[in-house]
file run_33.cif (mmCIF, C-alpha atoms)
data_data
#
loop_
_atom_site.label_atom_id
_atom_site.label_comp_id
_atom_site.auth_asym_id
_atom_site.auth_seq_id
_atom_site.Cartn_x
_atom_site.Cartn_y
_atom_site.Cartn_z
CA MET A 1 11.15 -1.58 10.41
CA SER A 2 14.24 -0.94 8.26
CA ILE A 3 14.10 -4.29 6.45
CA LEU A 4 10.33 -4.02 5.99
CA ILE A 5 10.76 -0.58 4.43
CA LEU A 6 13.43 -1.89 2.06
CA ILE A 7 11.21 -4.82 1.03
CA TYR A 8 8.28 -2.48 0.44
CA ILE A 9 10.43 -0.23 -1.74
CA LEU A 10 11.24 -3.22 -3.93
CA ASN A 11 7.62 -4.42 -3.79
CA TYR A 12 6.40 -1.17 -5.30
CA ILE A 13 9.28 -0.86 -7.77
CA ASP A 14 8.48 -4.31 -9.18
CA ARG A 15 4.79 -3.40 -9.29
CA ASN A 16 5.10 0.02 -10.94
CA ASN A 17 8.11 -0.35 -13.24
CA VAL A 18 5.73 -0.99 -16.13
CA ALA A 19 4.70 2.70 -15.93
CA ALA A 20 8.32 3.74 -16.56
CA ALA A 21 8.71 1.08 -19.26
CA ARG A 22 5.76 2.69 -21.05
CA LEU A 23 7.92 5.77 -21.73
CA GLN A 24 10.53 3.67 -23.58
CA GLY A 25 8.65 1.45 -25.99
CA PHE A 26 6.78 -1.11 -23.83
CA GLU A 27 3.45 -0.53 -25.58
CA GLU A 28 4.99 -0.40 -29.05
CA ASP A 29 7.09 -3.57 -28.68
CA LEU A 30 4.13 -5.58 -27.38
CA HIS A 31 1.78 -4.02 -29.98
CA LEU A 32 -0.71 -2.92 -27.32
CA GLN A 33 -3.91 -1.24 -28.44
CA GLY A 34 -6.90 0.46 -26.83
CA LYS A 35 -7.29 -0.42 -23.17
CA GLN A 36 -4.76 -3.25 -23.18
CA PHE A 37 -2.15 -1.27 -21.22
CA ALA A 38 -4.74 -0.37 -18.57
CA THR A 39 -5.75 -4.04 -18.40
CA ILE A 40 -2.13 -5.08 -17.82
CA LEU A 41 -2.03 -2.65 -14.90
CA ALA A 42 -5.43 -3.66 -13.52
CA VAL A 43 -4.97 -7.43 -13.67
CA LEU A 44 -2.25 -7.27 -11.01
CA TYR A 45 -4.85 -6.19 -8.47
CA ILE A 46 -7.12 -9.14 -9.26
CA GLY A 47 -4.50 -11.55 -7.94
CA TYR A 48 -3.69 -9.06 -5.19
CA VAL A 49 -7.30 -9.07 -3.97
CA LEU A 50 -7.74 -12.84 -4.17
CA MET A 51 -4.70 -13.75 -2.07
CA GLN A 52 -4.45 -11.25 0.79
CA VAL A 53 -6.88 -12.78 3.30
CA PRO A 54 -5.74 -16.42 2.73
CA SER A 55 -2.13 -15.25 2.96
CA ASN A 56 -2.62 -13.54 6.32
CA LEU A 57 -4.48 -16.56 7.70
CA LEU A 58 -1.59 -18.75 6.59
CA LEU A 59 0.96 -16.35 8.10
CA ASN A 60 -0.91 -16.33 11.41
CA HIS A 61 -0.97 -20.15 11.38
CA ILE A 62 2.72 -20.57 10.48
CA GLY A 63 3.94 -17.77 12.74
CA ARG A 64 7.22 -17.43 10.79
CA PRO A 65 7.22 -14.24 8.70
CA SER A 66 11.03 -14.48 8.50
CA LEU A 67 10.58 -17.46 6.17
CA TYR A 68 7.19 -16.85 4.58
CA LEU A 69 7.68 -13.26 3.38
CA PRO A 70 11.18 -13.75 1.86
CA LEU A 71 9.93 -16.85 0.01
CA CYS A 72 7.11 -14.82 -1.53
CA MET A 73 9.58 -12.04 -2.28
CA THR A 74 11.88 -14.42 -4.16
CA ILE A 75 8.98 -15.62 -6.30
CA TRP A 76 7.78 -12.14 -7.20
CA GLY A 77 11.35 -11.11 -8.03
CA ALA A 78 11.57 -14.05 -10.45
CA LEU A 79 8.22 -13.06 -11.98
CA SER A 80 9.48 -9.51 -12.45
CA VAL A 81 12.54 -10.84 -14.29
CA SER A 82 10.34 -13.03 -16.47
CA THR A 83 8.24 -10.00 -17.46
CA GLY A 84 11.31 -8.75 -19.32
CA PHE A 85 11.00 -11.71 -21.70
CA VAL A 86 7.34 -11.31 -22.67
CA THR A 87 6.58 -10.63 -26.33
CA SER A 88 2.81 -10.19 -26.38
CA PHE A 89 -0.14 -8.71 -24.51
CA TRP A 90 -1.18 -12.13 -23.20
CA GLY A 91 2.29 -12.90 -21.88
CA ALA A 92 2.45 -9.59 -20.03
CA LEU A 93 -1.09 -10.09 -18.72
CA PHE A 94 -0.28 -13.53 -17.29
CA ALA A 95 2.99 -12.36 -15.71
CA ARG A 96 1.29 -9.37 -14.06
CA PHE A 97 -1.56 -11.50 -12.71
CA LEU A 98 0.88 -13.90 -11.06
CA LEU A 99 2.93 -10.97 -9.76
CA GLY A 100 -0.09 -9.54 -7.96
CA PHE A 101 -1.00 -12.97 -6.61
CA VAL A 102 2.40 -13.33 -4.91
CA GLU A 103 2.96 -9.68 -3.95
CA ALA A 104 -0.33 -9.83 -2.04
CA ALA A 105 1.46 -11.60 0.81
CA PHE A 106 3.68 -8.70 1.79
CA PHE A 107 1.70 -5.58 2.72
CA PRO A 108 -1.08 -7.16 4.84
CA GLY A 109 1.53 -9.51 6.32
CA ALA A 110 3.74 -6.57 7.24
CA LEU A 111 0.79 -4.72 8.79
CA PHE A 112 -0.05 -7.82 10.80
CA MET A 113 3.57 -8.13 11.95
CA ILE A 114 3.62 -4.52 13.11
CA SER A 115 0.35 -4.93 15.00
CA LYS A 116 1.88 -7.87 16.88
CA TRP A 117 4.86 -5.80 18.08
CA TYR A 118 3.44 -2.29 18.60
CA LYS A 119 0.58 -0.86 20.63
CA ARG A 120 -2.32 0.97 18.99
CA SER A 121 -0.91 4.34 20.08
CA GLU A 122 2.28 3.47 18.16
CA LEU A 123 0.74 2.04 15.01
CA SER A 124 0.25 5.09 12.82
CA THR A 125 3.89 6.16 13.02
CA ARG A 126 5.14 2.62 12.28
CA MET A 127 2.69 2.22 9.42
CA ALA A 128 3.89 5.58 8.10
CA LEU A 129 7.49 4.35 8.26
CA LEU A 130 6.45 1.22 6.37
CA PHE A 131 4.37 3.06 3.82
CA SER A 132 7.17 5.55 3.28
CA GLY A 133 8.82 2.61 1.51
CA SER A 134 6.16 2.65 -1.21
CA VAL A 135 6.33 6.43 -1.48
CA ILE A 136 10.13 6.53 -1.63
CA SER A 137 10.04 3.69 -4.17
CA ASN A 138 8.26 6.03 -6.58
CA ALA A 139 11.22 8.41 -6.25
CA PHE A 140 13.96 5.76 -6.30
CA GLY A 141 12.16 3.75 -8.96
CA SER A 142 12.03 6.77 -11.24
CA LEU A 143 15.71 7.56 -10.70
CA ILE A 144 16.76 3.93 -11.24
CA ALA A 145 14.54 3.64 -14.30
CA SER A 146 16.00 6.85 -15.72
CA GLY A 147 19.51 5.41 -15.48
CA ILE A 148 18.61 1.97 -16.85
CA LEU A 149 16.53 3.30 -19.73
CA THR A 150 19.30 5.71 -20.69
CA VAL A 151 22.30 3.33 -20.44
CA MET A 152 21.05 -0.19 -21.18
CA ASP A 153 19.15 0.20 -24.44
CA GLY A 154 20.30 -2.45 -26.93
CA ARG A 155 22.69 -4.22 -24.56
CA LEU A 156 22.87 -7.96 -25.43
CA GLY A 157 20.11 -7.32 -27.94
CA PHE A 158 17.47 -6.37 -25.34
CA ALA A 159 15.47 -3.14 -25.30
CA ALA A 160 16.02 -0.81 -22.35
CA TRP A 161 12.59 -1.50 -20.85
CA ARG A 162 13.39 -5.23 -20.68
CA TRP A 163 16.57 -4.48 -18.72
CA LEU A 164 14.39 -2.55 -16.29
CA PHE A 165 12.60 -5.78 -15.33
CA PHE A 166 15.78 -7.88 -15.40
CA ILE A 167 17.77 -5.64 -13.05
CA GLU A 168 15.03 -4.70 -10.60
CA GLY A 169 13.74 -8.28 -10.31
CA THR A 170 17.25 -9.60 -9.64
CA LEU A 171 17.79 -6.98 -6.94
CA THR A 172 14.57 -8.14 -5.26
CA ILE A 173 15.77 -11.75 -5.16
CA LEU A 174 19.11 -10.75 -3.58
CA VAL A 175 17.40 -8.72 -0.84
CA ALA A 176 14.97 -11.61 -0.19
CA ILE A 177 17.90 -13.88 0.65
CA LEU A 178 19.20 -11.32 3.16
CA ALA A 179 15.73 -10.84 4.63
CA ILE A 180 15.62 -14.46 5.81
CA TYR A 181 18.37 -13.62 8.32
CA ILE A 182 17.10 -10.14 9.26
CA LEU A 183 13.29 -10.30 9.51
CA PRO A 184 11.95 -11.06 13.01
CA ASP A 185 9.13 -13.45 13.79
CA PHE A 186 6.24 -12.86 16.20
CA PRO A 187 6.94 -12.27 19.92
CA GLU A 188 5.21 -15.52 20.88
CA THR A 189 6.67 -17.77 18.19
CA ASN A 190 10.35 -17.37 17.45
CA ALA A 191 11.78 -14.13 18.86
CA HIS A 192 15.09 -15.85 19.65
CA TRP A 193 17.00 -12.58 19.35
CA LEU A 194 15.26 -11.36 22.54
CA SER A 195 15.91 -12.52 26.08
CA PRO A 196 13.02 -14.37 27.82
CA ALA A 197 12.26 -11.22 29.84
CA GLU A 198 12.14 -9.11 26.70
CA GLN A 199 9.86 -11.61 24.98
CA GLU A 200 7.52 -11.52 27.96
CA LEU A 201 7.54 -7.72 27.90
CA ALA A 202 6.68 -7.71 24.18
CA ARG A 203 3.76 -10.08 24.76
CA THR A 204 2.51 -8.23 27.82
CA ARG A 205 2.55 -4.84 26.10
CA ILE A 206 0.22 -6.05 23.37
CA ALA A 207 -1.94 -8.11 25.75
CA ASP A 208 -2.51 -5.08 27.97
CA ASP A 209 -3.18 -2.84 24.99
CA THR A 210 -5.81 -5.11 23.46
CA ALA A 211 -7.38 -6.13 26.80
CA LEU A 212 -6.46 -9.78 26.26
CA ALA A 213 -5.59 -11.98 29.21
CA VAL A 214 -1.84 -12.27 29.72
CA SER A 215 -2.29 -15.90 30.58
CA GLN A 216 -3.72 -16.65 27.13
CA GLN A 217 -0.71 -15.03 25.48
CA ALA A 218 1.71 -16.87 27.76
CA THR A 219 0.27 -20.27 26.97
CA GLY A 220 0.63 -19.56 23.28
CA GLN A 221 -3.03 -20.26 22.52
CA LYS A 222 -4.11 -19.17 19.05
CA PRO A 223 -7.68 -18.22 18.19
CA GLN A 224 -9.05 -20.43 15.46
CA GLU A 225 -8.59 -18.87 12.03
CA ALA A 226 -12.16 -19.72 11.04
CA SER A 227 -13.57 -17.87 14.08
CA GLY A 228 -11.39 -14.87 13.29
CA PHE A 229 -12.78 -14.78 9.75
CA LYS A 230 -16.37 -15.06 10.97
CA LEU A 231 -15.87 -12.35 13.60
CA ALA A 232 -14.37 -9.97 11.06
CA MET A 233 -17.11 -10.58 8.49
CA ALA A 234 -19.82 -10.02 11.13
CA ASP A 235 -18.41 -6.63 12.21
CA TRP A 236 -20.07 -3.67 10.45
CA LYS A 237 -16.97 -1.57 11.06
CA VAL A 238 -14.88 -3.82 8.79
CA TRP A 239 -17.32 -3.40 5.89
CA TRP A 240 -17.76 0.35 6.36
CA LEU A 241 -14.02 0.98 6.55
CA THR A 242 -13.53 -1.20 3.47
CA PHE A 243 -15.96 0.94 1.50
CA GLY A 244 -14.26 4.17 2.58
CA LEU A 245 -10.77 2.91 1.76
CA THR A 246 -11.91 1.61 -1.64
CA ALA A 247 -13.09 5.10 -2.53
CA MET A 248 -9.76 6.55 -1.36
CA VAL A 249 -7.71 4.03 -3.35
CA SER A 250 -9.66 4.92 -6.51
CA GLY A 251 -8.71 8.55 -5.92
CA LEU A 252 -5.08 7.57 -5.43
CA SER A 253 -4.88 5.74 -8.77
CA PHE A 254 -2.93 8.66 -10.23
CA HIS A 255 0.26 7.30 -8.63
CA THR A 256 0.49 4.45 -11.16
CA TYR A 257 0.29 6.95 -14.02
CA PHE A 258 2.63 9.44 -12.36
CA PRO A 259 5.27 9.31 -15.16
CA THR A 260 2.51 9.82 -17.73
CA LEU A 261 1.13 12.83 -15.84
CA THR A 262 4.61 14.28 -15.41
CA ALA A 263 5.22 13.83 -19.14
CA THR A 264 2.36 16.26 -19.84
CA MET A 265 4.81 19.04 -18.96
CA GLY A 266 6.55 18.32 -22.26
CA TYR A 267 10.00 17.00 -21.33
CA ASN A 268 11.75 13.90 -22.69
CA ALA A 269 11.60 10.50 -20.95
CA THR A 270 14.82 10.95 -18.94
CA ILE A 271 13.92 14.38 -17.53
CA THR A 272 10.33 13.24 -16.93
CA LEU A 273 11.49 10.36 -14.74
CA LEU A 274 13.89 12.63 -12.85
CA LEU A 275 11.06 15.12 -12.22
CA CYS A 276 8.96 12.29 -10.73
CA ALA A 277 11.31 11.94 -7.76
CA PRO A 278 10.96 15.26 -5.80
CA PRO A 279 7.16 15.06 -5.23
CA TRP A 280 7.53 11.61 -3.68
CA ILE A 281 10.49 12.61 -1.51
CA VAL A 282 8.52 15.56 -0.11
CA SER A 283 5.47 13.32 0.22
CA SER A 284 7.37 10.81 2.40
CA ILE A 285 8.28 13.61 4.83
CA CYS A 286 4.68 14.87 4.92
CA ILE A 287 3.37 11.36 5.58
CA LEU A 288 5.72 10.85 8.53
CA LEU A 289 4.84 14.23 10.07
CA LEU A 290 1.11 13.66 9.64
CA SER A 291 1.27 10.16 11.11
CA ILE A 292 3.43 11.16 14.08
CA HIS A 293 0.98 13.96 14.87
CA SER A 294 -1.96 11.56 14.46
CA ASP A 295 -0.38 9.13 16.95
CA LYS A 296 0.44 11.93 19.37
CA ARG A 297 -3.12 13.29 19.31
CA GLN A 298 -4.67 9.80 19.04
CA GLU A 299 -6.96 11.15 16.33
CA ARG A 300 -7.55 9.75 12.84
CA PHE A 301 -10.50 11.35 11.05
CA TRP A 302 -9.33 14.96 10.88
CA HIS A 303 -5.86 13.87 9.77
CA VAL A 304 -7.38 11.77 6.97
CA ALA A 305 -9.67 14.63 5.95
CA PHE A 306 -6.84 17.19 5.95
CA SER A 307 -4.60 15.11 3.68
CA LEU A 308 -7.42 14.33 1.24
CA SER A 309 -8.45 17.99 1.12
CA VAL A 310 -4.92 19.09 0.20
CA GLY A 311 -4.89 16.43 -2.51
CA CYS A 312 -8.18 17.74 -3.89
CA ILE A 313 -6.62 21.19 -4.21
CA GLY A 314 -3.87 19.57 -6.29
CA PHE A 315 -6.44 17.87 -8.54
CA LEU A 316 -8.29 21.16 -9.06
CA ILE A 317 -5.08 23.01 -9.96
CA ALA A 318 -4.23 20.34 -12.53
CA MET A 319 -7.76 20.52 -13.95
CA LEU A 320 -7.76 24.29 -14.35
CA SER A 321 -4.22 25.01 -15.55
CA MET A 322 -1.80 23.72 -18.20
CA ASN A 323 0.96 25.97 -16.89
CA THR A 324 4.12 23.90 -16.33
CA LEU A 325 4.85 25.24 -12.82
CA SER A 326 1.23 24.91 -11.69
CA ARG A 327 1.00 21.33 -12.87
CA TYR A 328 4.26 20.42 -11.16
CA VAL A 329 3.09 21.97 -7.88
CA SER A 330 -0.15 20.01 -8.20
CA LEU A 331 1.85 16.76 -8.31
CA PHE A 332 3.35 17.56 -4.90
CA LEU A 333 -0.11 18.20 -3.43
CA MET A 334 -1.46 14.95 -4.89
CA ALA A 335 1.47 12.81 -3.74
CA GLN A 336 1.04 13.71 -0.05
CA MET A 337 -2.48 12.18 -0.13
CA HIS A 338 -0.89 8.86 0.79
CA GLY A 339 -0.69 10.23 4.34
CA ALA A 340 -4.46 9.77 4.52
CA PHE A 341 -4.02 6.14 3.49
CA VAL A 342 -1.55 5.49 6.33
CA CYS A 343 -3.73 7.11 8.99
CA PHE A 344 -6.74 5.20 7.69
CA LEU A 345 -4.98 1.84 8.00
CA ALA A 346 -3.96 2.68 11.57
CA TRP A 347 -7.62 3.51 12.19
CA VAL A 348 -8.61 0.06 10.89
CA SER A 349 -6.14 -1.72 13.16
CA GLU A 350 -7.22 0.09 16.31
CA SER A 351 -10.90 -0.34 15.40
CA VAL A 352 -10.48 -4.14 15.47
CA PRO A 353 -7.93 -4.72 18.26
CA HIS A 354 -8.74 -8.33 19.23
CA PRO A 355 -8.75 -11.26 18.96
CA VAL A 356 -5.52 -11.47 16.99
CA SER A 357 -6.97 -13.68 14.24
CA LYS A 358 -9.83 -11.21 13.72
CA ARG A 359 -7.36 -8.32 13.40
CA ALA A 360 -5.30 -10.32 10.88
CA VAL A 361 -8.38 -10.96 8.74
CA ALA A 362 -9.71 -7.41 9.11
CA LEU A 363 -6.43 -5.80 8.03
CA ALA A 364 -6.08 -8.11 5.06
CA PHE A 365 -9.75 -7.86 4.06
CA VAL A 366 -9.95 -4.06 4.22
CA ASN A 367 -6.68 -3.64 2.35
CA CYS A 368 -7.32 -6.29 -0.29
CA VAL A 369 -10.93 -5.41 -1.14
CA SER A 370 -9.99 -1.73 -1.27
CA GLN A 371 -7.57 -2.65 -4.07
CA LEU A 372 -10.62 -3.04 -6.29
CA GLY A 373 -10.39 0.74 -6.33
CA ASN A 374 -7.11 0.31 -8.18
CA VAL A 375 -8.75 -2.02 -10.71
CA ILE A 376 -11.27 0.73 -11.44
CA GLY A 377 -8.64 3.44 -11.24
CA MET A 378 -6.44 1.93 -13.94
CA TYR A 379 -9.16 2.67 -16.50
CA ILE A 380 -9.78 6.35 -15.64
CA TRP A 381 -6.57 7.61 -17.27
CA PRO A 382 -6.96 6.82 -21.00
CA LEU A 383 -4.62 8.65 -23.37
CA SER A 384 -7.67 10.08 -25.11
CA TRP A 385 -8.38 12.16 -21.96
CA GLY A 386 -4.88 13.61 -22.01
CA PRO A 387 -2.98 15.79 -21.83
CA THR A 388 -5.34 17.69 -19.51
CA TYR A 389 -6.90 14.58 -17.89
CA ARG A 390 -9.66 16.81 -16.50
CA LYS A 391 -12.18 13.98 -16.41
CA SER A 392 -9.69 11.77 -14.58
CA TYR A 393 -8.97 14.42 -11.96
CA ALA A 394 -12.70 15.07 -11.51
CA ILE A 395 -13.24 11.37 -10.74
CA CYS A 396 -10.38 11.49 -8.20
CA VAL A 397 -11.93 14.51 -6.47
CA THR A 398 -15.28 12.71 -6.29
CA MET A 399 -13.71 9.60 -4.75
CA ALA A 400 -11.77 11.66 -2.18
CA VAL A 401 -14.93 13.50 -1.13
CA LEU A 402 -16.81 10.20 -0.86
CA CYS A 403 -14.07 8.82 1.39
CA MET A 404 -14.21 11.91 3.61
CA PHE A 405 -17.99 11.56 3.91
CA THR A 406 -17.88 7.87 4.89
CA SER A 407 -15.02 8.60 7.32
CA TYR A 408 -17.03 11.36 8.99
CA VAL A 409 -20.06 9.07 9.39
CA TYR A 410 -17.84 6.39 10.93
CA HIS A 411 -16.13 8.95 13.19
CA VAL A 412 -19.49 10.20 14.54
CA LYS A 413 -20.87 6.66 14.98
CA VAL A 414 -17.82 5.39 16.89
CA GLN A 415 -17.77 8.48 19.12
CA ALA A 416 -21.44 7.90 19.97
CA GLU A 417 -20.77 4.24 20.80
CA THR A 418 -17.79 5.15 22.97
CA GLU A 419 -19.78 7.75 24.87
CA ALA A 420 -22.64 5.29 25.41
CA ALA A 421 -20.19 2.70 26.77
CA ARG A 422 -18.73 5.26 29.19
CA ARG A 423 -22.20 6.16 30.48
CA GLU A 424 -22.93 2.47 30.97
CA LEU A 425 -19.71 2.04 32.97
CA ARG A 426 -20.56 5.01 35.18
CA ARG A 427 -24.00 3.61 35.90
CA GLY A 428 -22.46 0.19 36.66
#
call {"tool": "encode", "arguments": {"input": "run_33.cif", "output": "structure tokens"}}
result
Amino acid sequence: MSILILIYILNYIDRNNVAAARLQGFEEDLHLQGKQFATILAVLYIGYVLMQVPSNLLLNHIGRPSLYLPLCMTIWGALSVSTGFVTSFWGALFARFLLGFVEAAFFPGALFMISKWYKRSELSTRMALLFSGSVISNAFGSLIASGILTVMDGRLGFAAWRWLFFIEGTLTILVAILAIYILPDFPETNAHWLSPAEQELARTRIADDTALAVSQQATGQKPQEASGFKLAMADWKVWWLTFGLTAMVSGLSFHTYFPTLTATMGYNATITLLLCAPPWIVSSICILLLSIHSDKRQERFWHVAFSLSVGCIGFLIAMLSMNTLSRYVSLFLMAQMHGAFVCFLAWVSESVPHPVSKRAVALAFVNCVSQLGNVIGMYIWPLSWGPTYRKSYAICVTMAVLCMFTSYVYHVKVQAETEAARRELRRG
């Protein structure tokens, strides 16, 4: 989990550093106008959506995440470095599209890895640990960006925002090299760091948890990828959960514009970036506590609803007040909403436990299609709606409520199906 968290921190830093670069001349140097900045943000998610399902199918076929994920990481680190050299809107657009295309391999691949090592009752906490990487990256990324933008401006003739891409992309490449030697593979493929007995225990735990035959796991049989795709696409639960998560992701779009929203309090770029860190640090703690409690109670819906409701309170405070303290408190309430995202993903994984190839496709499909919410969300924060951004916050509240409604319908439907199955077993 530790290396996955570190990779995810860098994944999000490389994805979101353009938001910090915006505070130090990114738009001006590239002569961006109108919705071009929003388009640069949104285009990343086009590549992200296109590649996630094929990437997870390929990862399941190869069975070597210790090689596959670091290779992808090296490529996206190089793309991040190259973004520092762009001189026009079209150059930035192309670099961001490719970045999303390659970054798409990591998050669904990491979720799939975790589901191969941990039981359903353990998933939410592990996913929270993983997702804490993205949350902490918002804090670390802001602190790192603050230092780079303050110190590196004009060095070797490059603007400070270009150094942001150079340094953070290089750091990603260095960690990718280390990850080759640290990341584990799947229990049934190349877990050479475990004894044979430990490997068998790892396989048996998951086989028992998903009601698969131990003999199938032991013989190393793999379900056909095509059948896994067809099974996932034929399951109504996959489509319903995808719709709910898409609505949630649209409501979470504020995180990309977090430096911009923090800047509405009136401080300079350095202080603004420093103020971005505390809400995300507190948020990471809240996410872990919520997910641990969700695992302990083996309950998902009410935990998702609670986190989204608290976030809605934050949106309403930001809509109704321009007071500096109130707006800063609202950022804390918004940031913890990512706890709902973690619990929801655990809900997806346990809703589609087997076969393995179906779970791989379902996790990738739900996560990747839901990123269309980010494509939409990048356009709901135009500068013309600032500094209050009341319309933007109203859209976020609407999306959060829609997610809670779809989650409640799913919760009731699954409970009814479970109860019907229990009655059938008693009659049998």
call {"tool": "atom_distance", "arguments": {"input": "run_33.cif", "atom1": "atom CA of A:Tyr68", "atom2": "atom CA of A:Ser115"}}
result
17.2 Å
call {"tool": "resolve_selection", "arguments": {"input": "run_33.cif", "expression": "the PyMOL selection byres ((chain A and resi 96) around 10)", "output": "MDAnalysis selection string"}}
result
chainID A and resid 15 18 39:47 76 79:80 83 90:95 97:101
call {"tool": "residues_around", "arguments": {"input": "run_33.cif", "residues": "A:Phe131", "least_positions_apart": "2", "cutoff": "8 Å", "atoms": "all atoms listed in the file", "output": "number ranges by chain"}}
result
A: 5, 8, 127-129, 133-135, 342
call {"tool": "residues_around", "arguments": {"input": "run_33.cif", "residues": "stretch 260-270 of chain A", "least_positions_apart": "4", "cutoff": "7 Å", "atoms": "all atoms listed in the file", "output": "PDB file with C-alpha atoms, keeping the file's coordinate frame"}}
result
ATOM      1  CA  LEU A  23       7.920   5.770 -21.730  1.00  0.00           C
ATOM      2  CA  SER A 146      16.000   6.850 -15.720  1.00  0.00           C
ATOM      3  CA  LEU A 274      13.890  12.630 -12.850  1.00  0.00           C
ATOM      4  CA  CYS A 276       8.960  12.290 -10.730  1.00  0.00           C
ATOM      5  CA  THR A 324       4.120  23.900 -16.330  1.00  0.00           C
ATOM      6  CA  PRO A 387      -2.980  15.790 -21.830  1.00  0.00           C
TER       7      PRO A 387
END
call {"tool": "atom_distance", "arguments": {"input": "run_33.cif", "atom1": "atom CA of A:Val348", "atom2": "atom CA of A:Trp236"}}
result
12.1 Å
call {"tool": "atom_distance", "arguments": {"input": "run_33.cif", "atom1": "atom CA of A:Cys396", "atom2": "atom CA of A:Ile281"}}
result
21.9 Å
